[in-house]
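Please read the structure below before turning to the comments.
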Amino acid sequence: MKVTMASTNIKPKCDDRNICCRRVTILFFVVFSSIFCTMASAYTYNGEITSITLSPSTIQGGDNITHTITVKNTGDDGLTIKFQVSGGDFFQTFSNITVPVNQTLTIQLITRAPVDSGQITFTYQLYWDKTSPDADILLDTETRSVYINQSAPSTGSLYITSNTSGASIYVDGSYRGITPVTLSGLTTGSHTVRILQSGYNDYSVTAIVYAGQTTTVSSTLIPSTPPPTQTGSIVITSSPSGADVYIDGLYRGITPVTLSGLTTGSHTVRILQSGYNDYSLTTLVYAGQTTTVSTALITSTPTPTQTGSIVITSSPTGADVYIDGSYRGISPVTLSGLTTGSHTVRILQSGYNDYSTNAKVYTRQTTTVTGFLSPITPVQTTSPAAAVPTTPIPQTTGSFDPSGLIILLIIGIVVVAGGYFGYSKIIRSQAEKPPSPPQTVGDLNTGAPSIIDDKPIKILKMRYAKGELTTEEYLEMIENLKK
């Protein structure tokens, strides 16, 4: 008895097709969720320069110019800015500063005016400090021009001559040399000039010193002719020699010296030598006689120094240093010869907040001052933070860059199209596959095939293969299935 089995094709389960559909749906949802989130975050980034002030109103060459600039965020999200200031030889950039929505930021910096007179124009540029992929985007530009006046000198000079050279010169009571001489660095205004020479009458005049100019004082000394009985002389010596001699407060030479033509009567003699105590006495001059003054100078005891020093440093270095309002150099700097006591120290640097402190100077000691300068940060706003909207509404204006959104949209379309075509191919291949023919078993008597249900046959075959059924039992069950 012959049994034949036809080949059986296994159809794909329905679960595989559902899995494909779910994967395509999830991918489609992820792509379009990304696109939606990108569109929802498309804020505008705008800003403008609202005001610029320069002070002082009148600028001299070499003066400091203070720039105060206010910028405002007019976009829909926090704006990171870069700000540039340029003019003449000056250029400075402030970057990575964030300005909240609808708020303002004040930037202050100090520049030094050139010494030469003329006009200088400063340019102020506000950028959106965009990190990638494009370069910074210019949002606003402003310019301001100022005129620099040439710094006017505050001192002048005197050129003093006399008809006899070697005459002693006094300006405002201070000895300034012998004729002829040019005295510079004199303050502008009136000065008293006195010219003295032995055997000549004193010459005195008031001279005017003009800024940046030289005034000439030319004197003609007239010989003095005192009665023979009305003058006398003084011989002055000292140990050590070389000391300065003053008669009645006027410098008359160095020891040893003989001074003639002195009026009779009392005169104050003063002898000065560096490192020695001053010597002073009153002596009488007799007509036609010579009076001698001789002294051994006593070594002086040094007096305690009444000055000290300050060492000034800053971070960063290169800052302008002012002591009690006067410019004293650029940090780091050591300033000596300062009087003991309290002094106001001020340190200035462009782009940084001013640093100011009081420093105490002690006798013959050095005081150290270190200024840590902090960068200028946003210092004022024009609207409260509560005005910031919690859910910004995308706008059609501003500087939004759609390149990222376009790229995501293209990727989404390609992925969805690929998934759709793959899924269609699976459905089409399954629709074209022919159905499996039913299981046939040959007739046990005639051998002719007959159609029966294949599932019970599979079970019988498994049991027969395991030895659970004999051949007779197996064939009998097959026969029953046919019935």
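In the structure tokens, chains take letters A, B, ... by order of appearance, with residues numbered from 1 within each chain and ligands from 1 in the order shown.
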I'd like a table as a tab-separated table: residues in range 175-224 of chain A with an atom no more than 12 Å from range 258-268 of chain A, each row giving the shortest atom pair and its distance in Å to one decimal, only C-alpha atoms counted, sorted by chain and rising residue number.
```
residue	atom	partner	partner_atom	distance
A:Gln197	CA	A:Gly261	CA	10.6
A:Ser198	CA	A:Gly261	CA	7.1
A:Gly199	CA	A:Gly261	CA	6.6
A:Tyr200	CA	A:Gly261	CA	9.4
A:Asn201	CA	A:Gly261	CA	10.7
A:Pro223	CA	A:Gly261	CA	11.2
A:Ser224	CA	A:Gly261	CA	8.8
```
Would you kindly return, as a PDB file with C-alpha atoms, in the first residue's frame, each protein, DNA or RNA residue with an atom no farther than 10 Å from any atom of Ala113 in chain A, considering only C-alpha atoms and excluding same-chain residues fewer than 6 positions away?
```pdb
ATOM      1  CA  ILE A  59      37.775 116.940  24.284  1.00  0.00           C
ATOM      2  CA  GLN A  60      41.427 117.991  24.430  1.00  0.00           C
ATOM      3  CA  GLY A  61      44.224 115.944  22.897  1.00  0.00           C
ATOM      4  CA  GLY A  62      45.257 113.113  25.231  1.00  0.00           C
ATOM      5  CA  ASP A  63      42.005 113.209  27.231  1.00  0.00           C
ATOM      6  CA  ASN A  64      40.000 110.082  28.096  1.00  0.00           C
ATOM      7  CA  ILE A  65      36.772 109.642  26.110  1.00  0.00           C
ATOM      8  CA  GLY A  88      41.330 105.827  14.617  1.00  0.00           C
ATOM      9  CA  PHE A  90      41.340 101.908  18.480  1.00  0.00           C
ATOM     10  CA  ILE A 120      37.757 111.218  14.610  1.00  0.00           C
ATOM     11  CA  VAL A 146      33.988 114.033  17.701  1.00  0.00           C
ATOM     12  CA  TYR A 147      36.464 116.866  17.250  1.00  0.00           C
ATOM     13  CA  ILE A 148      39.709 116.716  19.194  1.00  0.00           C
ATOM     14  CA  ASN A 149      41.190 120.073  20.271  1.00  0.00           C
TER      15      ASN A 149
END
```
Within 10 Å of range 241-255 of chain A: each range 137-227 of chain A residue with its shortest pair, only C-alpha atoms, as JSON lines:
```
{"residue": "A:Ser168", "atom": "CA", "partner": "A:Tyr251", "partner_atom": "CA", "distance": 8.1}
{"residue": "A:Ile169", "atom": "CA", "partner": "A:Tyr251", "partner_atom": "CA", "distance": 9.6}
{"residue": "A:Tyr170", "atom": "CA", "partner": "A:Leu250", "partner_atom": "CA", "distance": 8.9}
{"residue": "A:Gly173", "atom": "CA", "partner": "A:Leu250", "partner_atom": "CA", "distance": 8.5}
{"residue": "A:Ser174", "atom": "CA", "partner": "A:Leu250", "partner_atom": "CA", "distance": 8.9}
{"residue": "A:Tyr175", "atom": "CA", "partner": "A:Tyr251", "partner_atom": "CA", "distance": 7.1}
{"residue": "A:Leu196", "atom": "CA", "partner": "A:Leu250", "partner_atom": "CA", "distance": 9.3}
{"residue": "A:Gln197", "atom": "CA", "partner": "A:Arg252", "partner_atom": "CA", "distance": 9.1}
{"residue": "A:Ser198", "atom": "CA", "partner": "A:Arg252", "partner_atom": "CA", "distance": 9.0}
```
Write the residues you've just listed into a file as an mmCIF file, in the first residue's frame, and include C-alpha atoms for each of them.
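Output saved as part.cif:
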```
data_model
loop_
_atom_site.group_PDB
_atom_site.id
_atom_site.type_symbol
_atom_site.label_atom_id
_atom_site.label_comp_id
_atom_site.auth_asym_id
_atom_site.auth_seq_id
_atom_site.Cartn_x
_atom_site.Cartn_y
_atom_site.Cartn_z
ATOM 1 C CA SER A 168 72.565 136.499 39.743
ATOM 2 C CA ILE A 169 68.923 135.880 38.755
ATOM 3 C CA TYR A 170 65.993 135.447 41.135
ATOM 4 C CA GLY A 173 62.521 135.076 45.258
ATOM 5 C CA SER A 174 64.180 131.784 44.171
ATOM 6 C CA TYR A 175 67.730 131.714 42.766
ATOM 7 C CA LEU A 196 71.853 141.301 41.222
ATOM 8 C CA GLN A 197 75.545 141.877 40.687
ATOM 9 C CA SER A 198 78.156 143.231 43.029
#
```
Counting only C-alpha atoms, what are the residues of range 298-335 of chain A within 9 Å of range 340-359 of chain A, and for each of them which pair of atoms is the nearest and at what distance in Å, to one decimal? Sort the table by chain and rising number, as CSV.
```
residue,atom,partner,partner_atom,distance
A:Gln306,CA,A:Thr340,CA,6.2
A:Thr307,CA,A:Thr340,CA,5.3
A:Gly308,CA,A:Thr340,CA,6.2
A:Ser309,CA,A:Thr340,CA,8.9
A:Ile310,CA,A:Ala359,CA,8.3
A:Ile312,CA,A:Val345,CA,8.7
A:Ser314,CA,A:Ile347,CA,7.8
A:Pro316,CA,A:Gln349,CA,8.4
A:Thr317,CA,A:Gln349,CA,8.7
A:Gly318,CA,A:Gln349,CA,7.5
A:Ala319,CA,A:Gln349,CA,4.8
A:Asp320,CA,A:Leu348,CA,5.1
A:Val321,CA,A:Ile347,CA,4.9
A:Tyr322,CA,A:Arg346,CA,5.1
A:Ile323,CA,A:Val345,CA,5.0
A:Asp324,CA,A:Thr344,CA,4.9
A:Gly325,CA,A:Thr344,CA,7.6
A:Ile330,CA,A:Ile347,CA,8.9
A:Ser331,CA,A:Ile347,CA,8.3
```
With C-alpha atoms retained, could you export that selection as a PDB file, in the first residue's frame?
```
ATOM      1  CA  GLN A 306      58.712 111.250  55.416  1.00  0.00           C
ATOM      2  CA  THR A 307      57.897 109.469  52.173  1.00  0.00           C
ATOM      3  CA  GLY A 308      57.118 105.938  51.027  1.00  0.00           C
ATOM      4  CA  SER A 309      56.262 103.964  47.906  1.00  0.00           C
ATOM      5  CA  ILE A 310      53.326 102.109  46.312  1.00  0.00           C
ATOM      6  CA  ILE A 312      50.477  98.926  41.804  1.00  0.00           C
ATOM      7  CA  SER A 314      46.368  94.844  37.969  1.00  0.00           C
ATOM      8  CA  PRO A 316      44.751  92.317  33.359  1.00  0.00           C
ATOM      9  CA  THR A 317      47.904  94.441  33.110  1.00  0.00           C
ATOM     10  CA  GLY A 318      48.237  97.609  31.028  1.00  0.00           C
ATOM     11  CA  ALA A 319      45.625  99.615  32.964  1.00  0.00           C
ATOM     12  CA  ASP A 320      45.842 103.385  33.593  1.00  0.00           C
ATOM     13  CA  VAL A 321      46.815 104.287  37.171  1.00  0.00           C
ATOM     14  CA  TYR A 322      45.686 107.447  38.966  1.00  0.00           C
ATOM     15  CA  ILE A 323      46.869 108.608  42.418  1.00  0.00           C
ATOM     16  CA  ASP A 324      44.658 111.214  44.105  1.00  0.00           C
ATOM     17  CA  GLY A 325      43.148 112.029  40.685  1.00  0.00           C
ATOM     18  CA  ILE A 330      50.353 102.082  33.362  1.00  0.00           C
ATOM     19  CA  SER A 331      50.247  98.965  35.558  1.00  0.00           C
TER      20      SER A 331
END
```
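Going from CA of Pro332 in chain A over to CA of His67 in chain A, you cover 25.1 Å.
You can rank A:Thr470, A:Thr161, A:Thr80, A:Thr68 by their closest distance to Thr111 in chain A using only C-alpha atoms, and at the top of that list sits A:Thr68.
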**Asked** Just asking: which residues within range 65-257 of chain A are strand (DSSP E or B) according to DSSP, as an NGL selection string?
**Response** :A and (65-73 or 79-87 or 90-99 or 104-112 or 118-128 or 137-149 or 155-162 or 168-171 or 174-178 or 181-187 or 189-196 or 200 or 203-209 or 214-219 or 223 or 231-239 or 244-247 or 250-254 or 257)
Kindly export the residues of the current selection with C-alpha atoms, as a tab-separated table (two decimals), in the first residue's frame.
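Below is the file again15.tsv, written as the result:
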```tsv
chain	number	residue	atom	x	y	z
A	65	ILE	CA	36.77	109.64	26.11
A	66	THR	CA	33.97	107.71	27.85
A	67	HIS	CA	31.62	105.79	25.50
A	68	THR	CA	28.24	104.67	26.88
A	69	ILE	CA	26.28	102.43	24.47
A	70	THR	CA	22.84	100.85	25.04
A	71	VAL	CA	21.63	97.88	22.96
A	72	LYS	CA	18.21	96.17	23.05
A	73	ASN	CA	17.04	92.62	22.25
A	79	LEU	CA	20.11	87.00	22.08
A	80	THR	CA	23.85	86.28	22.29
A	81	ILE	CA	25.64	89.33	20.88
A	82	LYS	CA	29.09	90.43	19.76
A	83	PHE	CA	29.79	94.19	19.88
A	84	GLN	CA	32.66	95.95	18.08
A	85	VAL	CA	33.93	99.52	18.53
A	86	SER	CA	36.54	101.02	16.18
A	87	GLY	CA	37.89	104.49	15.50
A	90	PHE	CA	41.34	101.91	18.48
A	91	PHE	CA	39.56	98.56	18.02
A	92	GLN	CA	37.80	96.46	20.66
A	93	THR	CA	35.37	93.54	20.61
A	94	PHE	CA	32.95	92.34	23.30
A	95	SER	CA	31.57	88.85	22.61
A	96	ASN	CA	29.44	86.04	24.08
A	97	ILE	CA	27.11	88.42	25.95
A	98	THR	CA	23.49	87.31	26.37
A	99	VAL	CA	20.67	89.87	26.40
A	104	THR	CA	18.59	96.31	27.26
A	105	LEU	CA	22.30	96.14	27.99
A	106	THR	CA	24.63	99.08	28.66
A	107	ILE	CA	28.26	98.82	27.54
A	108	GLN	CA	30.79	101.39	28.77
A	109	LEU	CA	34.40	101.77	27.66
A	110	ILE	CA	37.14	104.42	27.79
A	111	THR	CA	39.44	105.40	24.92
A	112	ARG	CA	42.31	107.89	24.79
A	118	GLY	CA	41.11	116.94	14.22
A	119	GLN	CA	37.97	114.90	13.73
A	120	ILE	CA	37.76	111.22	14.61
A	121	THR	CA	34.83	108.90	13.79
A	122	PHE	CA	33.90	105.89	15.91
A	123	THR	CA	31.91	102.96	14.42
A	124	TYR	CA	29.71	100.76	16.61
A	125	GLN	CA	28.54	97.38	15.21
A	126	LEU	CA	26.07	94.96	16.85
A	127	TYR	CA	26.21	91.29	15.73
A	128	TRP	CA	24.17	88.19	16.51
A	137	ILE	CA	25.05	88.25	11.49
A	138	LEU	CA	25.19	92.06	11.56
A	139	LEU	CA	22.09	93.48	13.27
A	140	ASP	CA	22.81	97.25	13.58
A	141	THR	CA	25.53	99.84	12.90
A	142	GLU	CA	25.96	103.37	14.29
A	143	THR	CA	28.71	106.02	13.96
A	144	ARG	CA	29.65	109.03	16.07
A	145	SER	CA	32.18	111.77	15.22
A	146	VAL	CA	33.99	114.03	17.70
A	147	TYR	CA	36.46	116.87	17.25
A	148	ILE	CA	39.71	116.72	19.19
A	149	ASN	CA	41.19	120.07	20.27
A	155	THR	CA	53.75	126.63	30.80
A	156	GLY	CA	56.12	129.04	29.09
A	157	SER	CA	59.71	130.30	29.28
A	158	LEU	CA	61.79	133.38	30.23
A	159	TYR	CA	65.00	134.41	28.48
A	160	ILE	CA	66.94	136.71	30.83
A	161	THR	CA	70.04	138.72	29.87
A	162	SER	CA	71.99	141.62	31.33
A	168	SER	CA	72.57	136.50	39.74
A	169	ILE	CA	68.92	135.88	38.76
A	170	TYR	CA	65.99	135.45	41.13
A	171	VAL	CA	62.47	134.55	39.98
A	174	SER	CA	64.18	131.78	44.17
A	175	TYR	CA	67.73	131.71	42.77
A	176	ARG	CA	67.63	130.48	39.15
A	177	GLY	CA	71.19	130.94	37.84
A	178	ILE	CA	73.28	133.70	36.24
A	181	VAL	CA	69.86	132.01	30.88
A	182	THR	CA	66.61	130.53	29.53
A	183	LEU	CA	64.20	129.34	32.19
A	184	SER	CA	61.52	126.93	30.91
A	185	GLY	CA	58.58	125.20	32.54
A	186	LEU	CA	57.33	128.37	34.21
A	187	THR	CA	53.63	128.60	34.89
A	189	GLY	CA	51.08	134.53	34.38
A	190	SER	CA	53.12	137.19	36.22
A	191	HIS	CA	56.56	136.54	37.74
A	192	THR	CA	58.94	138.88	39.60
A	193	VAL	CA	62.45	138.88	38.13
A	194	ARG	CA	65.34	140.30	40.18
A	195	ILE	CA	68.93	140.65	38.87
A	196	LEU	CA	71.85	141.30	41.22
A	200	TYR	CA	75.75	147.43	40.43
A	203	TYR	CA	67.35	145.37	38.85
A	204	SER	CA	63.77	144.24	39.36
A	205	VAL	CA	60.89	143.81	36.90
A	206	THR	CA	57.56	141.93	36.53
A	207	ALA	CA	57.48	139.62	33.49
A	208	ILE	CA	54.45	137.90	31.94
A	209	VAL	CA	54.84	134.24	30.90
A	214	THR	CA	59.28	132.61	25.50
A	215	THR	CA	59.31	136.08	27.09
A	216	THR	CA	62.60	138.03	26.95
A	217	VAL	CA	63.82	140.09	29.92
A	218	SER	CA	66.80	142.27	29.05
A	219	SER	CA	68.29	144.34	31.90
A	223	PRO	CA	77.04	150.71	38.54
A	231	THR	CA	80.07	150.49	52.62
A	232	GLY	CA	82.20	147.73	53.94
A	233	SER	CA	83.11	144.11	53.23
A	234	ILE	CA	82.69	140.64	54.67
A	235	VAL	CA	85.08	137.72	54.22
A	236	ILE	CA	83.26	134.40	54.77
A	237	THR	CA	84.99	131.03	55.16
A	238	SER	CA	83.79	127.60	56.30
A	239	SER	CA	85.11	124.16	57.10
A	244	ASP	CA	76.44	128.25	49.90
A	245	VAL	CA	76.44	131.78	51.30
A	246	TYR	CA	73.34	133.93	51.73
A	247	ILE	CA	73.39	137.59	52.89
A	250	LEU	CA	70.09	136.50	48.95
A	251	TYR	CA	72.54	133.99	47.47
A	252	ARG	CA	76.00	135.55	47.19
A	253	GLY	CA	78.33	132.66	46.26
A	254	ILE	CA	80.22	129.79	47.92
A	257	VAL	CA	84.14	134.39	49.39
```
